[in-house]
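*Asks:* Before I ask anything, let me first share the structure, which is written out below as structure tokens.
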Amino acid sequence: MGRTVIEKIIQAHTQDDVAPGRVVWLGLDVRTARDFGGPNVVKHFEREYGGAAPADVRKTFFTFDLCAPACTLKYADNQQACRDFARKHGVEVYDVDRGIGTHTLIEEGLARPGSTVVGTDSHMNILGAVGSFGQGMGDVDIAFAFKTGLTWFEVPETVKVVLKGRPGPGATAKDLTLFLCRELGTKTLALRAAEFYGPAVEGLDFAGRVTLCSMITEMAGIIGFIPEPGPSLGQDLAALGIREFAPTAADPDAAYAEVVELDVEGLGPQVAVPPSPNAVRPLAEVRGLKVDSGFIGSCTNGRTEDFDAAAAVLRGRKVRPGVMLKVVPATRRVYDELLRTGILQDLFESGAIVLNPGCGGCAEGHAGLTGKGEVQVSTGNRNFPGKQGKGPVYLASPEVVAASCLKGEVADPEEV
Amino acid sequence: MRTTTHRGRLWVLLDEAGRLIEDIDTDQIFHNAHLHLTEVAQMGAFALGNLEGWKDFSRRAGPGDLIVAGRNFGAGSSRQQAVDCFLALGIGSILAPSFSAIYFRNAVNSGFPVVRGAEVETLVGRGKLRTGDDLEIDAASGRGRNHSLGFDFVLEPMSGVQVDIFRAGDLFKYGRERG
């Protein structure tokens with residue numbers, strides 16, 4: 001019997017027999033903790049293991065991205081507790097200057113195709129974008145992983161999602177992703193892995209793959225892979241310094257729990273409306289809604305390509321007075337690219353507020369809180385009630401957020 | 001050895017329209033404004049603190065109570081606090097048709113008995129599981145009994161690893177036993 005992508009990656013990291021539904025002990029190539037979860041990992045580790053060292057400090061990392069630099073005393077204390085632990089054991093810290101941990105792990109070549117990576121980030125499965133099995137876990141799991149290099153894992157079933165046709169010229173990777181959020185909801189992929197096929201996904205560049213794979217979490221899935229590398233992925237990864245890219249392919253006779261075929265021919269821009277990322281409507285149905293603020297960034301849409309797309313809409317124009325547009329690059333590397341290419345200047349001149357790299361805009365840190373009644377259009381991945389503050393949040397592409405901030409209402413980039 | 005049977009008062013998480021609430025996410029269970037907390041004892045006060053209609057849950061619930069929720073309970077973030085806040089309140093168990101993957105793991109690793117059961121959704125819809133009912137479950141064998149209404153129902157038995165970790169206490173103790 002052939003194997004799916006996830007079954008192959010898991011089998012390469014366990015002595016146990018891999019089959020869907022079976023619990024195996026999985027070897028972990030990289031184990032990480034953030035400034036969120038990390039302090040509890042340290043606390044558990046020291047309580048349970050005393051002064052013992054992590055199993056392999058070369059495979060153990062901290063990535064600070066939630067509240068960077070610390071904007072509350074509690075986070076300052078928590079980050080310092082992680083740094084103290086890291087210094088004691090010689091663990092590397094990607095500190096508050098570096099940006100979103102998952103993106104940093106890709107840029108540093110730590111999340112490689114076929115690898116297993118865990119961390120205290122529910123969007124760790126974003127690493128599926130480069131064919132790595134990333135998995136978000138809680139602080140108990142990660143403390144155990146720091147000490148043992150292992151985790152127990154129930155091998156998920158795999159769903160094959162085949163996209164037919166080609167989206168329209170106005171559709172971005174985010175629109176395709178939101179379309180999938182609506183079509184697949186939180187049931188089809190629940191507790192399963194997904195493999196996506198078809199020209200609409202195979203043609204995605206690295207940034208687009210990141211966008212799609214980041215929101216598998218919102219579809220309740222374990223992880224999503226795009227096994228066909230497509231024309232530009234190799235180049236994109238080479239630009240990041242990742243030269244050997246050999247994505248895992250599923251066997252032709254792999255067994256899938258379900259095969260889902262969806263037609264994306266002519267797909268246009270989409271918007272997720274409150275209260276959930278899966279409540280997705282065509283942009284036309286939301287157009288004209290008054291907007292108070294916009295946010296471009298997050299692990300879903302925080303790459304240079306995302307800001308380039310937004311800048312193309314904003315260039316030479318001004319954000320409507322009274323509207324706040326907040327911009328947060330995913331990483332320091334992205335920030336550097338924005339500086340060098342002049343994209344940052346374009347964003348700044350349009351009136352955008354440019355912040356330092358990190359998770360600002362999604363979590364309660366900085367850059368993204370909304371007041372009661374404040375309508376925000378965001379490139380983030382969640383709009384659950386109260387997550388970013390009391391205001392309702394609409395999820396869309398960087399282009400739609402940019403256009404909406406120019407008009408002061410939800411707008412199609414075509415109309416500005 | 002810890003017992004996998006539990007008896008207590010039930011809370012059924014219904015919305016205003018009387019429907020079982022699905023996709024309750026971790027920001028509704030334990031809002032990100034409190035993520036800096038690292039002491040379990042301090043977390044109970046915030047349990048379900050951002051879930052419409054249930055924001056006063058921590059004051060209404062008592063030790064030993066059980067919860068029934070809709071499918072995909074614990075969607076969203078990986079925060080362990082979304083499990084720990086229920087441990088802090090002494091909640092006995094949460095039953096739901098399904099849980100998010102990370103939430104389920106976090107609960108298993110903390111030795112908190114989360115139990116899957118497709119039937120609970122139907123039972124709630126038929127008014128056969130109600131807030132205040134006297135419920136008894138055996139999480140290991142997947143048996144449930146509503147003593148208030150006098151009938152038995154079926155749950156999904158805990159998996160082998162879940163039972164082992166639960167009986168050991170938590171993942172750390174299990175790891176030491178296993179060597």
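By convention here, the chains of the structure tokens are called A, B, ... in the order presented, each chain's residues are numbered starting at 1, and ligands are numbered starting at 1 in the order presented.
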Counting only C-alpha atoms, which residues from chain B have an atom at most 7 Å from any atom of chain A, and could you show them as number ranges by chain?
*Replies:* B: 27, 32-33, 36, 38, 76-80, 100-102, 106, 109, 172
*Asks:* May I have the residues from that selection written out with C-alpha atoms, as an mmCIF file, in the first residue's frame?
*Replies:*
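Contents of again.cif, as written:
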data_model
loop_
_atom_site.group_PDB
_atom_site.id
_atom_site.type_symbol
_atom_site.label_atom_id
_atom_site.label_comp_id
_atom_site.auth_asym_id
_atom_site.auth_seq_id
_atom_site.Cartn_x
_atom_site.Cartn_y
_atom_site.Cartn_z
ATOM 1 C CA ASP B 27 -9.837 33.105 22.793
ATOM 2 C CA ASN B 32 -5.209 36.207 24.986
ATOM 3 C CA ALA B 33 -5.238 39.208 27.332
ATOM 4 C CA HIS B 36 1.027 36.054 30.557
ATOM 5 C CA THR B 38 1.810 30.993 34.333
ATOM 6 C CA GLY B 76 -7.500 28.228 17.529
ATOM 7 C CA SER B 77 -4.369 28.755 19.551
ATOM 8 C CA SER B 78 -2.072 26.236 21.234
ATOM 9 C CA ARG B 79 -2.404 27.829 24.681
ATOM 10 C CA GLN B 80 -2.285 25.281 27.492
ATOM 11 C CA SER B 100 -9.381 20.649 17.969
ATOM 12 C CA ALA B 101 -6.240 18.536 17.604
ATOM 13 C CA ILE B 102 -3.998 20.757 19.719
ATOM 14 C CA ASN B 106 -3.018 19.545 25.628
ATOM 15 C CA ASN B 109 -0.995 15.652 28.380
ATOM 16 C CA PHE B 172 5.800 14.034 32.466
#
*Asks:* Just want the 6 Å neighbourhood of A:Gly134, counted on only C-alpha atoms, with same-chain residues fewer than 3 positions away dropped. Output as a VMD selection string.
*Replies:* chain A and resid 116 to 118 124 to 125 127
*Asks:* For the residues in the current selection, export N, CA and C atoms as an mmCIF file, in the first residue's frame.
*Replies:*
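Output saved as selection15.cif:
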data_model
loop_
_atom_site.group_PDB
_atom_site.id
_atom_site.type_symbol
_atom_site.label_atom_id
_atom_site.label_comp_id
_atom_site.auth_asym_id
_atom_site.auth_seq_id
_atom_site.Cartn_x
_atom_site.Cartn_y
_atom_site.Cartn_z
ATOM 1 N N THR A 116 10.511 17.300 10.786
ATOM 2 C CA THR A 116 9.449 17.413 11.792
ATOM 3 C C THR A 116 9.815 18.541 12.747
ATOM 4 N N VAL A 117 8.897 19.478 12.934
ATOM 5 C CA VAL A 117 9.175 20.692 13.708
ATOM 6 C C VAL A 117 7.971 20.987 14.595
ATOM 7 N N VAL A 118 8.197 21.236 15.881
ATOM 8 C CA VAL A 118 7.090 21.598 16.764
ATOM 9 C C VAL A 118 7.385 22.908 17.488
ATOM 10 N N MET A 124 1.991 26.571 13.394
ATOM 11 C CA MET A 124 3.251 25.887 13.065
ATOM 12 C C MET A 124 3.106 25.073 11.781
ATOM 13 N N ASN A 125 1.875 24.647 11.480
ATOM 14 C CA ASN A 125 1.665 23.840 10.266
ATOM 15 C C ASN A 125 1.846 24.665 8.993
ATOM 16 N N LEU A 127 4.488 25.417 8.040
ATOM 17 C CA LEU A 127 5.710 24.835 7.478
ATOM 18 C C LEU A 127 5.401 23.831 6.377
#
*Asks:* Just list as a PyMOL selection string whatever in stretch 32-153 of chain A DSSP marks as strand (DSSP E).
*Replies:* chain A and resi 32-34+60-63+92-94+116-119+133-136+150-153
*Asks:* Residues of the last selection are to be written out with C-alpha atoms, as a CSV table (one decimal), in the first residue's frame.
*Replies:*
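As written to disk, again.csv reads:
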chain,number,residue,atom,x,y,z
A,32,THR,CA,10.8,25.5,19.7
A,33,ALA,CA,8.9,27.7,22.1
A,34,ARG,CA,7.8,31.3,21.7
A,60,THR,CA,16.1,23.5,20.5
A,61,PHE,CA,15.2,27.1,19.9
A,62,PHE,CA,13.2,30.0,21.3
A,63,THR,CA,11.5,32.4,18.9
A,92,GLU,CA,19.8,29.7,20.6
A,93,VAL,CA,17.2,32.5,20.9
A,94,TYR,CA,15.7,34.2,17.9
A,116,THR,CA,9.4,17.4,11.8
A,117,VAL,CA,9.2,20.7,13.7
A,118,VAL,CA,7.1,21.6,16.8
A,119,GLY,CA,6.5,24.8,18.6
A,133,PHE,CA,5.7,18.6,9.1
A,134,GLY,CA,5.2,21.5,11.5
A,135,GLN,CA,2.8,21.1,14.4
A,136,GLY,CA,1.7,23.5,17.1
A,150,LEU,CA,10.0,12.9,21.0
A,151,THR,CA,6.3,13.3,21.0
A,152,TRP,CA,3.4,10.9,20.7
A,153,PHE,CA,1.3,11.5,17.6
*Asks:* Would you pick out the contacts of B:Glu119 at 12 Å or less, using only C-alpha atoms, so that residues sharing its chain but fewer than 4 positions from it are not included, and give the list as a PyMOL selection string?
*Replies:* chain B and resi 68-71+95-98+115+123-126+128-129+142-144+152-156
*Asks:* Excluding same-chain residues fewer than 3 positions from A:Ser404, what lies within 10 Å of it counting only C-alpha atoms, as a list in words?
*Replies:* Arg287, Gly288, Leu289, Lys290, Val291, Asp292, Ser293, Gly294, Val319, Arg320, Val323, Leu325, Gln376, Val377, Pro398, Glu399, Val400, Val401, Lys407, Gly408, Glu409, Val410, Ala411, Asp412, Pro413 and Val416 of chain A
*Asks:* May I have the residues within 8 Å of B:Gln28 as a ChimeraX atom specification, using only C-alpha atoms and disregarding those fewer than 3 positions away in the same chain?
*Replies:* /A:385-386 /B:24-25,31,48-51
*Asks:* Residues at most 7 Å from A:Pro274, counting only C-alpha atoms, excluding those fewer than 6 positions away in the same chain, as a list in words?
*Replies:*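 Neighbouring residues, sequence-local ones excluded: Asn383, Phe384, Pro392, Val393 and Tyr394 of chain A.
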*Asks:* Would you pick out the contacts of B:Ile91 at 9 Å or less, using only C-alpha atoms, so that residues sharing its chain but fewer than 3 positions from it are not included, and give the list as a ChimeraX atom specification?
*Replies:* /B:61-67,86-88,94,112
*Asks:* Could you turn the residues from that selection into a file that holds N, CA and C atoms, as a PDB file, in the first residue's frame?
*Replies:*
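part31.pdb was written with the following content:
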ATOM      1  N   ALA B  61     -19.756  27.717  38.129  1.00  0.00           N
ATOM      2  CA  ALA B  61     -19.341  26.314  38.165  1.00  0.00           C
ATOM      3  C   ALA B  61     -18.661  25.969  39.481  1.00  0.00           C
ATOM      4  N   GLY B  62     -18.683  24.702  39.804  1.00  0.00           N
ATOM      5  CA  GLY B  62     -18.018  24.244  41.018  1.00  0.00           C
ATOM      6  C   GLY B  62     -17.146  23.038  40.736  1.00  0.00           C
ATOM      7  N   PRO B  63     -16.287  22.683  41.692  1.00  0.00           N
ATOM      8  CA  PRO B  63     -15.416  21.522  41.509  1.00  0.00           C
ATOM      9  C   PRO B  63     -16.231  20.258  41.243  1.00  0.00           C
ATOM     10  N   GLY B  64     -15.767  19.458  40.306  1.00  0.00           N
ATOM     11  CA  GLY B  64     -16.441  18.207  39.997  1.00  0.00           C
ATOM     12  C   GLY B  64     -17.476  18.309  38.899  1.00  0.00           C
ATOM     13  N   ASP B  65     -17.823  19.540  38.484  1.00  0.00           N
ATOM     14  CA  ASP B  65     -18.824  19.699  37.423  1.00  0.00           C
ATOM     15  C   ASP B  65     -18.292  19.172  36.090  1.00  0.00           C
ATOM     16  N   LEU B  66     -19.226  18.804  35.205  1.00  0.00           N
ATOM     17  CA  LEU B  66     -18.876  18.357  33.856  1.00  0.00           C
ATOM     18  C   LEU B  66     -19.435  19.343  32.836  1.00  0.00           C
ATOM     19  N   ILE B  67     -18.823  19.353  31.662  1.00  0.00           N
ATOM     20  CA  ILE B  67     -19.248  20.261  30.594  1.00  0.00           C
ATOM     21  C   ILE B  67     -19.546  19.453  29.334  1.00  0.00           C
ATOM     22  N   PHE B  86      -9.690  25.101  33.287  1.00  0.00           N
ATOM     23  CA  PHE B  86     -10.709  24.156  33.773  1.00  0.00           C
ATOM     24  C   PHE B  86     -10.158  23.294  34.913  1.00  0.00           C
ATOM     25  N   LEU B  87      -8.879  22.938  34.805  1.00  0.00           N
ATOM     26  CA  LEU B  87      -8.242  22.202  35.909  1.00  0.00           C
ATOM     27  C   LEU B  87      -8.280  23.044  37.178  1.00  0.00           C
ATOM     28  N   ALA B  88      -8.031  24.358  37.018  1.00  0.00           N
ATOM     29  CA  ALA B  88      -8.021  25.262  38.172  1.00  0.00           C
ATOM     30  C   ALA B  88      -9.381  25.290  38.854  1.00  0.00           C
ATOM     31  N   ILE B  94     -14.739  17.286  30.055  1.00  0.00           N
ATOM     32  CA  ILE B  94     -15.471  17.959  28.986  1.00  0.00           C
ATOM     33  C   ILE B  94     -15.823  16.910  27.935  1.00  0.00           C
ATOM     34  N   PHE B 112      -6.217  15.691  31.864  1.00  0.00           N
ATOM     35  CA  PHE B 112      -7.595  16.189  31.976  1.00  0.00           C
ATOM     36  C   PHE B 112      -8.464  15.374  31.019  1.00  0.00           C
TER      37      PHE B 112
END
*Asks:* Rounded to one decimal in Å, what is the spacing between atom CA of A:Asp346 and atom CA of A:Lys326?
*Replies:*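 Those two atoms sit 13.6 Å apart.
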*Asks:* Using only C-alpha atoms for the distances, tell me which of A:Leu347, A:Ala403, A:Val375, A:Ala70 is nearest to A:Gly391.
*Replies:*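 Using only C-alpha atoms, the shortest distance to A:Gly391 belongs to A:Val375.
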*Asks:* Figure out the distance between atom CA of A:Gly360 and atom CA of A:Val201, please, to one decimal in Å.
*Replies:*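 About the pair atom CA of A:Val201 and atom CA of A:Gly360: they are 27.9 Å apart.
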*Asks:* Can you list, as a ChimeraX atom specification, every residue of stretch 117-320 of chain A that DSSP puts in helix (DSSP H, G or I)?
*Replies:* /A:124-130,139-148,173-184,199-202,206-214,217-219,233-239,283-285,304-314
*Asks:* Kindly indicate which residue among B:Ser148, B:Thr131, B:Gln162, B:Thr122 lies nearest to B:Ser110, using only C-alpha atoms for the distances.
*Replies:*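 Smallest separation from B:Ser110 among the options: B:Gln162.
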*Asks:* Just give me the gap between atom CA of A:Leu204 and atom CA of A:Ala255 in Å, one decimal is fine.
*Replies:*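 Atom-to-atom, atom CA of A:Leu204 and atom CA of A:Ala255 are spaced 25.5 Å apart.
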